[in-house]
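Have a look at input.pdb below; it lists PDB, C-alpha atoms, pLDDT in the B column.
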```pdb
ATOM      1  CA  MET A1143       0.000   0.000   0.000  1.00 40.00           C
ATOM      2  CA  PRO A1144       1.387   3.452  -0.887  1.00 40.00           C
ATOM      3  CA  THR A1145       2.395   5.864   1.837  1.00 43.00           C
ATOM      4  CA  PRO A1146       0.048   8.859   1.911  1.00 46.00           C
ATOM      5  CA  HIS A1147       1.524  11.962   0.298  1.00 46.00           C
ATOM      6  CA  PRO A1148       2.631  14.533   2.919  1.00 47.00           C
ATOM      7  CA  ALA A1149       0.259  17.082   1.416  1.00 46.00           C
ATOM      8  CA  ALA A1150      -2.669  14.817   2.204  1.00 49.00           C
ATOM      9  CA  THR A1151      -2.065  15.333   5.909  1.00 47.00           C
ATOM     10  CA  SER A1152      -1.465  19.087   6.016  1.00 47.00           C
ATOM     11  CA  ASP A1153      -4.100  19.457   8.734  1.00 43.00           C
ATOM     12  CA  PRO A1154      -3.107  17.395  11.780  1.00 39.00           C
ATOM     13  CA  SER A1155      -6.754  17.110  12.828  1.00 36.00           C
ATOM     14  CA  GLU A1156      -7.487  15.186   9.631  1.00 41.00           C
ATOM     15  CA  LYS A1157      -5.763  12.108   8.354  1.00 42.00           C
ATOM     16  CA  MET A1158      -5.895  10.502   4.960  1.00 48.00           C
ATOM     17  CA  ILE A1159      -7.643   7.175   4.926  1.00 47.00           C
ATOM     18  CA  ALA A1160      -5.694   4.620   2.917  1.00 48.00           C
ATOM     19  CA  PRO A1161      -7.650   2.949   0.103  1.00 45.00           C
ATOM     20  CA  ALA A1162      -7.751  -0.412   1.893  1.00 45.00           C
ATOM     21  CA  GLU A1163      -9.416   1.297   4.852  1.00 48.00           C
ATOM     22  CA  ARG A1164     -12.123   2.930   2.755  1.00 49.00           C
ATOM     23  CA  SER A1165     -15.481   1.301   2.382  1.00 48.00           C
ATOM     24  CA  VAL A1166     -16.051   0.935  -1.329  1.00 49.00           C
ATOM     25  CA  GLN A1167     -19.676   1.577  -2.286  1.00 55.00           C
ATOM     26  CA  GLY A1168     -19.799  -0.874  -5.157  1.00 60.00           C
ATOM     27  CA  PRO A1169     -18.032  -3.850  -6.701  1.00 65.00           C
ATOM     28  CA  GLU A1170     -17.104  -1.823  -9.805  1.00 76.00           C
ATOM     29  CA  ILE A1171     -14.338  -0.056  -7.832  1.00 80.00           C
ATOM     30  CA  SER A1172     -11.812  -2.554  -6.539  1.00 83.00           C
ATOM     31  CA  LEU A1173      -9.186  -1.917  -3.897  1.00 84.00           C
ATOM     32  CA  GLN A1174      -6.609  -2.470  -6.648  1.00 87.00           C
ATOM     33  CA  THR A1175      -8.190   0.346  -8.660  1.00 85.00           C
ATOM     34  CA  THR A1176      -8.183   2.721  -5.690  1.00 83.00           C
ATOM     35  CA  ASP A1177      -4.582   1.767  -4.905  1.00 84.00           C
ATOM     36  CA  ARG A1178      -3.524   2.554  -8.512  1.00 83.00           C
ATOM     37  CA  PHE A1179      -5.410   5.851  -8.320  1.00 79.00           C
ATOM     38  CA  VAL A1180      -3.665   6.915  -5.102  1.00 78.00           C
ATOM     39  CA  THR A1181      -0.279   5.865  -6.501  1.00 79.00           C
ATOM     40  CA  LYS A1182      -0.902   7.930  -9.658  1.00 75.00           C
ATOM     41  CA  MET A1183      -2.137  10.923  -7.676  1.00 73.00           C
ATOM     42  CA  PHE A1184       0.523  11.040  -4.985  1.00 69.00           C
ATOM     43  CA  GLU A1185       3.606   9.167  -6.144  1.00 71.00           C
ATOM     44  CA  THR A1186       3.933   9.465  -9.930  1.00 69.00           C
ATOM     45  CA  ASP A1187       5.328  12.613 -11.573  1.00 61.00           C
ATOM     46  CA  ALA A1188       4.157  14.800  -8.712  1.00 59.00           C
ATOM     47  CA  ASP A1189       6.643  17.586  -9.401  1.00 66.00           C
ATOM     48  CA  PHE A1190       3.967  19.762 -11.034  1.00 76.00           C
ATOM     49  CA  VAL A1191       0.332  18.795 -10.523  1.00 79.00           C
ATOM     50  CA  PHE A1192      -0.957  15.339  -9.791  1.00 74.00           C
ATOM     51  CA  THR A1193      -3.044  14.636 -12.864  1.00 77.00           C
ATOM     52  CA  VAL A1194      -1.711  16.515 -15.896  1.00 84.00           C
ATOM     53  CA  THR A1195       1.550  17.654 -17.452  1.00 86.00           C
ATOM     54  CA  ARG A1196       2.720  21.186 -18.165  1.00 92.00           C
ATOM     55  CA  ASP A1197       2.194  20.491 -21.871  1.00 93.00           C
ATOM     56  CA  PHE A1198      -1.425  19.566 -21.203  1.00 92.00           C
ATOM     57  CA  VAL A1199      -2.010  22.813 -19.279  1.00 94.00           C
ATOM     58  CA  ARG A1200      -0.239  24.803 -22.002  1.00 96.00           C
ATOM     59  CA  GLY A1201      -2.559  23.299 -24.620  1.00 96.00           C
ATOM     60  CA  CYS A1202      -5.755  23.575 -22.570  1.00 95.00           C
ATOM     61  CA  GLN A1203      -8.233  25.760 -24.443  1.00 96.00           C
ATOM     62  CA  ASN A1204     -10.836  25.701 -21.673  1.00 96.00           C
ATOM     63  CA  PRO A1205     -11.198  28.730 -19.414  1.00 97.00           C
ATOM     64  CA  VAL A1206      -9.483  28.121 -16.075  1.00 96.00           C
ATOM     65  CA  LEU A1207      -9.959  30.115 -12.875  1.00 98.00           C
ATOM     66  CA  VAL A1208      -7.001  29.792 -10.518  1.00 97.00           C
ATOM     67  CA  LEU A1209      -7.527  30.597  -6.845  1.00 97.00           C
ATOM     68  CA  PRO A1210      -3.965  30.464  -5.496  1.00 96.00           C
ATOM     69  CA  ASP A1211      -3.295  29.048  -2.074  1.00 94.00           C
ATOM     70  CA  GLU A1212      -0.162  28.416  -0.044  1.00 93.00           C
ATOM     71  CA  VAL A1213      -0.567  25.069   1.669  1.00 89.00           C
ATOM     72  CA  PRO A1214       1.424  21.870   1.080  1.00 83.00           C
ATOM     73  CA  ALA A1215      -1.297  20.344  -1.111  1.00 79.00           C
ATOM     74  CA  HIS A1216      -1.661  23.513  -3.209  1.00 85.00           C
ATOM     75  CA  PRO A1217       1.555  25.534  -3.383  1.00 90.00           C
ATOM     76  CA  TYR A1218       1.333  29.116  -4.605  1.00 95.00           C
ATOM     77  CA  ALA A1219       4.162  28.658  -7.117  1.00 93.00           C
ATOM     78  CA  VAL A1220       2.358  25.799  -8.867  1.00 92.00           C
ATOM     79  CA  ALA A1221      -0.895  27.767  -8.999  1.00 94.00           C
ATOM     80  CA  MET A1222       0.859  30.715 -10.592  1.00 96.00           C
ATOM     81  CA  GLU A1223       2.709  28.465 -13.043  1.00 96.00           C
ATOM     82  CA  CYS A1224      -0.625  26.957 -14.086  1.00 95.00           C
ATOM     83  CA  ALA A1225      -2.037  30.457 -14.541  1.00 97.00           C
ATOM     84  CA  MET A1226       0.921  31.428 -16.716  1.00 97.00           C
ATOM     85  CA  LEU A1227       0.776  28.250 -18.819  1.00 97.00           C
ATOM     86  CA  ALA A1228      -2.971  28.012 -19.428  1.00 97.00           C
ATOM     87  CA  PRO A1229      -3.815  30.316 -22.347  1.00 98.00           C
ATOM     88  CA  LYS A1230      -7.296  31.149 -21.026  1.00 97.00           C
ATOM     89  CA  ALA A1231      -6.496  31.366 -17.313  1.00 98.00           C
ATOM     90  CA  GLU A1232      -7.772  33.988 -14.922  1.00 97.00           C
ATOM     91  CA  VAL A1233      -6.373  34.443 -11.410  1.00 98.00           C
ATOM     92  CA  SER A1234      -8.106  35.536  -8.238  1.00 97.00           C
ATOM     93  CA  MET A1235      -6.561  37.751  -5.608  1.00 96.00           C
ATOM     94  CA  PHE A1236      -4.186  36.193  -3.112  1.00 97.00           C
ATOM     95  CA  PRO A1237      -4.763  35.457  -0.369  1.00 96.00           C
ATOM     96  CA  TRP A1238      -8.456  35.040  -0.979  1.00 96.00           C
ATOM     97  CA  LYS A1239      -9.393  33.110   2.201  1.00 94.00           C
ATOM     98  CA  GLU A1240      -7.913  35.526   4.747  1.00 95.00           C
ATOM     99  CA  PRO A1241      -9.069  37.868   6.055  1.00 96.00           C
ATOM    100  CA  LYS A1242     -12.516  36.284   6.005  1.00 96.00           C
ATOM    101  CA  GLU A1243     -13.955  39.460   4.500  1.00 97.00           C
ATOM    102  CA  ARG A1244     -12.280  38.546   1.194  1.00 97.00           C
ATOM    103  CA  ILE A1245     -14.220  35.322   0.729  1.00 97.00           C
ATOM    104  CA  PRO A1246     -17.392  37.028  -0.610  1.00 97.00           C
ATOM    105  CA  LEU A1247     -15.244  38.853  -3.177  1.00 97.00           C
ATOM    106  CA  ALA A1248     -13.700  35.540  -4.287  1.00 97.00           C
ATOM    107  CA  VAL A1249     -17.162  33.964  -4.508  1.00 97.00           C
ATOM    108  CA  ARG A1250     -18.354  36.899  -6.600  1.00 97.00           C
ATOM    109  CA  GLN A1251     -15.392  36.373  -8.954  1.00 97.00           C
ATOM    110  CA  ILE A1252     -16.212  32.653  -9.215  1.00 97.00           C
ATOM    111  CA  HIS A1253     -19.837  33.442 -10.082  1.00 98.00           C
ATOM    112  CA  SER A1254     -18.753  36.015 -12.650  1.00 97.00           C
ATOM    113  CA  PHE A1255     -16.268  33.561 -14.187  1.00 98.00           C
ATOM    114  CA  MET A1256     -18.922  30.854 -14.410  1.00 97.00           C
ATOM    115  CA  ARG A1257     -21.450  33.222 -15.995  1.00 97.00           C
ATOM    116  CA  ALA A1258     -18.893  34.490 -18.511  1.00 97.00           C
ATOM    117  CA  HIS A1259     -17.997  30.965 -19.595  1.00 96.00           C
ATOM    118  CA  ARG A1260     -21.412  29.329 -19.505  1.00 94.00           C
ATOM    119  CA  PRO A1261     -21.971  27.198 -22.605  1.00 89.00           C
ATOM    120  CA  ALA A1262     -24.498  28.643 -25.036  1.00 84.00           C
TER     121      ALA A1262
END
```

Represent the structure from my file as structure tokens, please.
Amino acid sequence: MPTPHPAATSDPSEKMIAPAERSVQGPEISLQTTDRFVTKMFETDADFVFTVTRDFVRGCQNPVLVLPDEVPAHPYAVAMECAMLAPKAEVSMFPWKEPKERIPLAVRQIHSFMRAHRPA
């Protein structure tokens, strides 16, 4: 079983539950499948983002809204690199979660982004 990625336990009050300890809700998702998923997410090519390459982000033609953070699971530098690579990226203010008074402004930006990019 893979060791949980350090970013998965950034909050000491929460701990990542290993795939074998999860209760799977159906036979279509095996423990082997969840184990492969966790390995891919947290142990394979994790120098950028867990699921795509820089080339993929560079070629992404979908609008992307980046809300930068600075926690182990979501480093600021990676967020900003994604924003620079993605040709249709927009970036929120940083920090957007603190002080708490900024959260409504971030939510307003999310709503505006979603409205602007709603499919016809």

Practice prompt. Name all residues at most 10 Å from segment 1247-1262 of chain A (count all atoms listed in the file; drop same-chain ones fewer than 6 positions away) and give them as a list in words.
Written response: Asn1204, Pro1205, Val1206, Leu1207, Val1208, Leu1209, Glu1232, Val1233, Ser1234, Met1235, Phe1236, Pro1237, Trp1238 and Lys1239 of chain A

Between A:Leu1227, A:Glu1185, A:His1216, A:Ser1172, which has the minimum distance to Phe1198 of chain A (counting all atoms listed in the file)?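 Between A:Leu1227, A:Glu1185, A:His1216, A:Ser1172, the residue approaching Phe1198 of chain A most closely is A:Leu1227.
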
TODO: I need the residue set behind the PyMOL selection byres ((chain A and resi 1200) around 8) for this file; please write it as a list of chain:residue names.
DONE: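 Selected by the PyMOL selection byres ((chain A and resi 1200) around 8) in this file: A:Arg1196, A:Asp1197, A:Phe1198, A:Val1199, A:Gly1201, A:Cys1202, A:Leu1227, A:Ala1228, A:Pro1229.
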
- For atom CA of Asp1211 of chain A and atom CA of Cys1224 of chain A, determine how far apart the two atoms are, in Å to one decimal place.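 Taking atom CA of Asp1211 of chain A and atom CA of Cys1224 of chain A, their separation equals 12.5 Å.
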
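The coordinates place atom CA of Thr1175 of chain A at 28.4 Å from atom CA of Ala1221 of chain A.
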
What separates atom CA of Ala1215 of chain A and atom CA of Phe1190 of chain A is a distance of 11.2 Å

Please complete segment 1227-1239 of chain A with N, CA and C atoms and give it back as a tab-separated table (two decimals), keeping the file's coordinate frame.
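Output below, filename selection_16.tsv:
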```tsv
chain	number	residue	atom	x	y	z
A	1227	LEU	N	0.77	29.21	-17.71
A	1227	LEU	CA	0.78	28.25	-18.82
A	1227	LEU	C	-0.56	28.18	-19.56
A	1228	ALA	N	-1.65	28.19	-18.82
A	1228	ALA	CA	-2.97	28.01	-19.43
A	1228	ALA	C	-3.34	29.27	-20.21
A	1229	PRO	N	-3.58	29.13	-21.51
A	1229	PRO	CA	-3.82	30.32	-22.35
A	1229	PRO	C	-5.08	31.10	-21.99
A	1230	LYS	N	-6.05	30.46	-21.37
A	1230	LYS	CA	-7.30	31.15	-21.03
A	1230	LYS	C	-7.50	31.21	-19.51
A	1231	ALA	N	-6.41	31.33	-18.78
A	1231	ALA	CA	-6.50	31.37	-17.31
A	1231	ALA	C	-6.81	32.76	-16.80
A	1232	GLU	N	-7.54	32.78	-15.71
A	1232	GLU	CA	-7.77	33.99	-14.92
A	1232	GLU	C	-7.33	33.66	-13.51
A	1233	VAL	N	-6.90	34.66	-12.76
A	1233	VAL	CA	-6.37	34.44	-11.41
A	1233	VAL	C	-7.12	35.33	-10.43
A	1234	SER	N	-7.47	34.75	-9.29
A	1234	SER	CA	-8.11	35.54	-8.24
A	1234	SER	C	-7.04	36.26	-7.43
A	1235	MET	N	-7.50	37.08	-6.52
A	1235	MET	CA	-6.56	37.75	-5.61
A	1235	MET	C	-5.95	36.71	-4.68
A	1236	PHE	N	-4.85	37.07	-4.08
A	1236	PHE	CA	-4.19	36.19	-3.11
A	1236	PHE	C	-3.71	37.04	-1.95
A	1237	PRO	N	-3.94	36.60	-0.75
A	1237	PRO	CA	-4.76	35.46	-0.37
A	1237	PRO	C	-6.24	35.80	-0.50
A	1238	TRP	N	-7.02	34.80	-0.80
A	1238	TRP	CA	-8.46	35.04	-0.98
A	1238	TRP	C	-9.27	34.50	0.20
A	1239	LYS	N	-8.66	33.68	1.06
A	1239	LYS	CA	-9.39	33.11	2.20
A	1239	LYS	C	-9.22	33.92	3.49
```
